[in-house]
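Asker: Dropping a structure here in structure tokens format, bear with me for questions.
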Amino acid sequence: MELMKKKHFVKLVAILVLVALLAACGGGGGTAGGGGGGGGAPDRHELTFAAGAIGGAWYMFGAAFSEVWESNIPGVRTTLVAGSGTGNPYTVNMGEAQIGFSYVHTTFDTRYGVGTAPAPDILTEDIRLLMNIHSIFYFTGMIDRGLGITNFEELLAAQPPLVAAVGAPGSGSEEVFRAVMEAHGITYADIESWGGRVEFLGAGAGADSFRDGHVNMLSNAAPQPFSTFVEVGASRDVTVLPISPSAIPALEARGYAVDYIDTTPYGDPTGRILSAGPVSIVFVHKDLDEELVYQMTRLLWEHMEAMIATQPALGGFIPERAAYAHIPLHPGAERFFREIGLID
């Protein structure tokens with residue numbers, strides 16, 4: 001009898017454990033990688049979005065995208081964090097964020113450990129394209145008009161003591177400044193040999209330093225026109241440096257787009273000048289739920305026109321290029337683009 005009681009007790013415990021396990025599997029909030037479905041409460045998706053510098057274009061884009069997703073997908077909550085074009089692929093690849101902004105060429109380089117990849121031994125093989133938003137972050141390099149320099153040829157000839165605020169070290173803006181300078185035959189060592197120096201300041205701090213006269217060159221990579229620099233141009237006389245035609249092949253070889261920008265918003269009456277810069281994309285971790293990514297992609301596509309109305313810097317979006325970059329599409333994004341006939 002005692003043995004029988006023990007057997008019943010063990011069986012009861014086993015049943016209770018099983019019930020507890022089933023309850024744990026079937027209920028509660030979902031994770032960022034959890035699936036949808038079921039007739040109960042929607043899964044919760046707590047997403048971290050690696051954007052750009054606070055107040056920068058990517059940060060504003062991220063806020064707009066997050067608002068669209070949170071308003072239309074039950075259970076989605078997004079936390080926006082500051083990031084950089086070079087760092088975000090690694091952040092998402094390691095699972096520290098599920099969504100990120102970067103550039104077409106940067107995500108290719110970090111995925112395969114080539115080119116501009118800052119850590120070529122760490123391959124970001126777990127990132128997937130959600131959408132190419134084709135927002136071009138153009139080189140915007142302005143100098144004090146008092147230097148009397150209007151282009152890079154004159155800069156090379158004069159070799160002034162240039163004190164340049166170029167963006168945070170390792171940021172996309174700093175990368176673009178370095179690339180443009182090198183395409184014109186100028187290195188950081190050259191600037192120092194002229195009696196100048198490079199200041200690694202973000203856009204806001206750099207703008208303040210330029211206004212205060214502590215630096216005489218201000219550079220950033222941003223969609224046009226860049227509002228922070230528009231404010232600078234209203235307070236100081238500046239010249240915006242054009243890209244020289246001879247520098248275009250080197251910049252295109254890096255994957256940069258080349259086009260014209262307008263200098264007049266910055267108080268420079270020159271007007272249209274050549275510039276170049278990398279193309280922006282939004283990407284996700286490969287393990288993010290397929291149905292969730294499908295809905296995220298669909299909603300960005302359907303709301304892009306409305307977002308451009310409030311975020312003019314998104315105006316470079318080209319629908320025909322939305323599914324194309326140099327990294328694979330996430331299956332959820334791929335399903336959406338196939339449905340609308342954008343890819344076969």
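Chain identifiers are assigned as A, B, and so on, following the order in which chains appear in the structure tokens; residues are numbered from 1 within each chain, and ligands are numbered from 1 in order of appearance.
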Excluding segment 282-285 of chain A and any residue of its chain fewer than 5 positions from it, enumerate the residues within 6 Å of it, using only C-alpha atoms, and give them as a list in words.

Answerer: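 Within the cut-off, the hits are Val92, Gln98, Ile99, Gly100, Phe101, Asp126, Ile127, Arg128, Leu129, Leu130 and Met131 of chain A.
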
Asker: Which residues in segment 118-311 of chain A does DSSP call alpha helix (DSSP H)? List them as an NGL selection string.

Answerer: :A and (152-158 or 172-183 or 188-193 or 203-211 or 227-233 or 248-253 or 290-310)

Asker: What is the atom CA of Ala322 of chain A-atom CA of Ala306 of chain A distance in Å, reported with one decimal?

Answerer: 16.6 Å

Asker: Can I get the residues of segment 265-306 of chain A within 10 Å of segment 213-223 of chain A, each with the closest pair of atoms and their distance in Å to one decimal, using only C-alpha atoms, sorted chain first then ascending number, as JSON lines?

Answerer:
{"residue": "A:Ala276", "atom": "CA", "partner": "A:Ala221", "partner_atom": "CA", "distance": 9.1}
{"residue": "A:Gly277", "atom": "CA", "partner": "A:Ala221", "partner_atom": "CA", "distance": 6.9}
{"residue": "A:Pro278", "atom": "CA", "partner": "A:Ala221", "partner_atom": "CA", "distance": 8.5}
{"residue": "A:Val279", "atom": "CA", "partner": "A:Pro223", "partner_atom": "CA", "distance": 9.9}
{"residue": "A:Ser280", "atom": "CA", "partner": "A:Pro223", "partner_atom": "CA", "distance": 9.9}

Asker: To one decimal in Å, tell me the separation between atom CA of Ala164 of chain A and atom CA of Ala51 of chain A.

Answerer: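 The value is 24.7 Å.
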
Asker: Restricting the calculation to only C-alpha atoms: of A:Lys286, A:Arg197, A:Arg254, A:His134, which residue gets closest to Val180 of chain A?

Answerer: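 Distance minimum relative to Val180 of chain A lands on A:Arg254.
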
Asker: By how many Å are atom CA of Gly148 of chain A and atom CA of Val240 of chain A apart?

Answerer: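 Result for atom CA of Gly148 of chain A versus atom CA of Val240 of chain A: 11.8 Å, one decimal.
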
Asker: Would you mind listing what lies within 10 Å of Tyr324 of chain A as a list in words, with only C-alpha atoms counted and same-chain residues fewer than 2 positions away left out?

Answerer: Val104, Leu129, Leu130, Met131, Asn132, Ile133, His134, Ile281, Glu320, Arg321, Ala322, His326, Ile327, Pro328, Leu329, Leu342 and Ile343 of chain A

Asker: Those residues with C-alpha atoms, as a PDB file, in the first residue's frame please?

Answerer:
ATOM      1  CA  VAL A 104      24.784  49.356 -48.487  1.00  0.00           C
ATOM      2  CA  LEU A 129      17.889  43.328 -45.422  1.00  0.00           C
ATOM      3  CA  LEU A 130      14.475  44.676 -44.506  1.00  0.00           C
ATOM      4  CA  MET A 131      14.423  47.584 -46.973  1.00  0.00           C
ATOM      5  CA  ASN A 132      16.760  49.786 -48.973  1.00  0.00           C
ATOM      6  CA  ILE A 133      15.392  53.240 -48.124  1.00  0.00           C
ATOM      7  CA  HIS A 134      17.909  54.829 -50.525  1.00  0.00           C
ATOM      8  CA  ILE A 281      19.320  50.723 -45.613  1.00  0.00           C
ATOM      9  CA  GLU A 320      12.107  49.911 -57.490  1.00  0.00           C
ATOM     10  CA  ARG A 321      15.314  49.585 -55.430  1.00  0.00           C
ATOM     11  CA  ALA A 322      13.699  48.813 -52.078  1.00  0.00           C
ATOM     12  CA  HIS A 326      24.380  43.429 -51.118  1.00  0.00           C
ATOM     13  CA  ILE A 327      23.057  41.335 -48.223  1.00  0.00           C
ATOM     14  CA  PRO A 328      20.238  38.747 -48.341  1.00  0.00           C
ATOM     15  CA  LEU A 329      16.655  39.736 -47.731  1.00  0.00           C
ATOM     16  CA  LEU A 342       9.009  43.725 -56.993  1.00  0.00           C
ATOM     17  CA  ILE A 343      11.099  40.537 -57.145  1.00  0.00           C
TER      18      ILE A 343
END
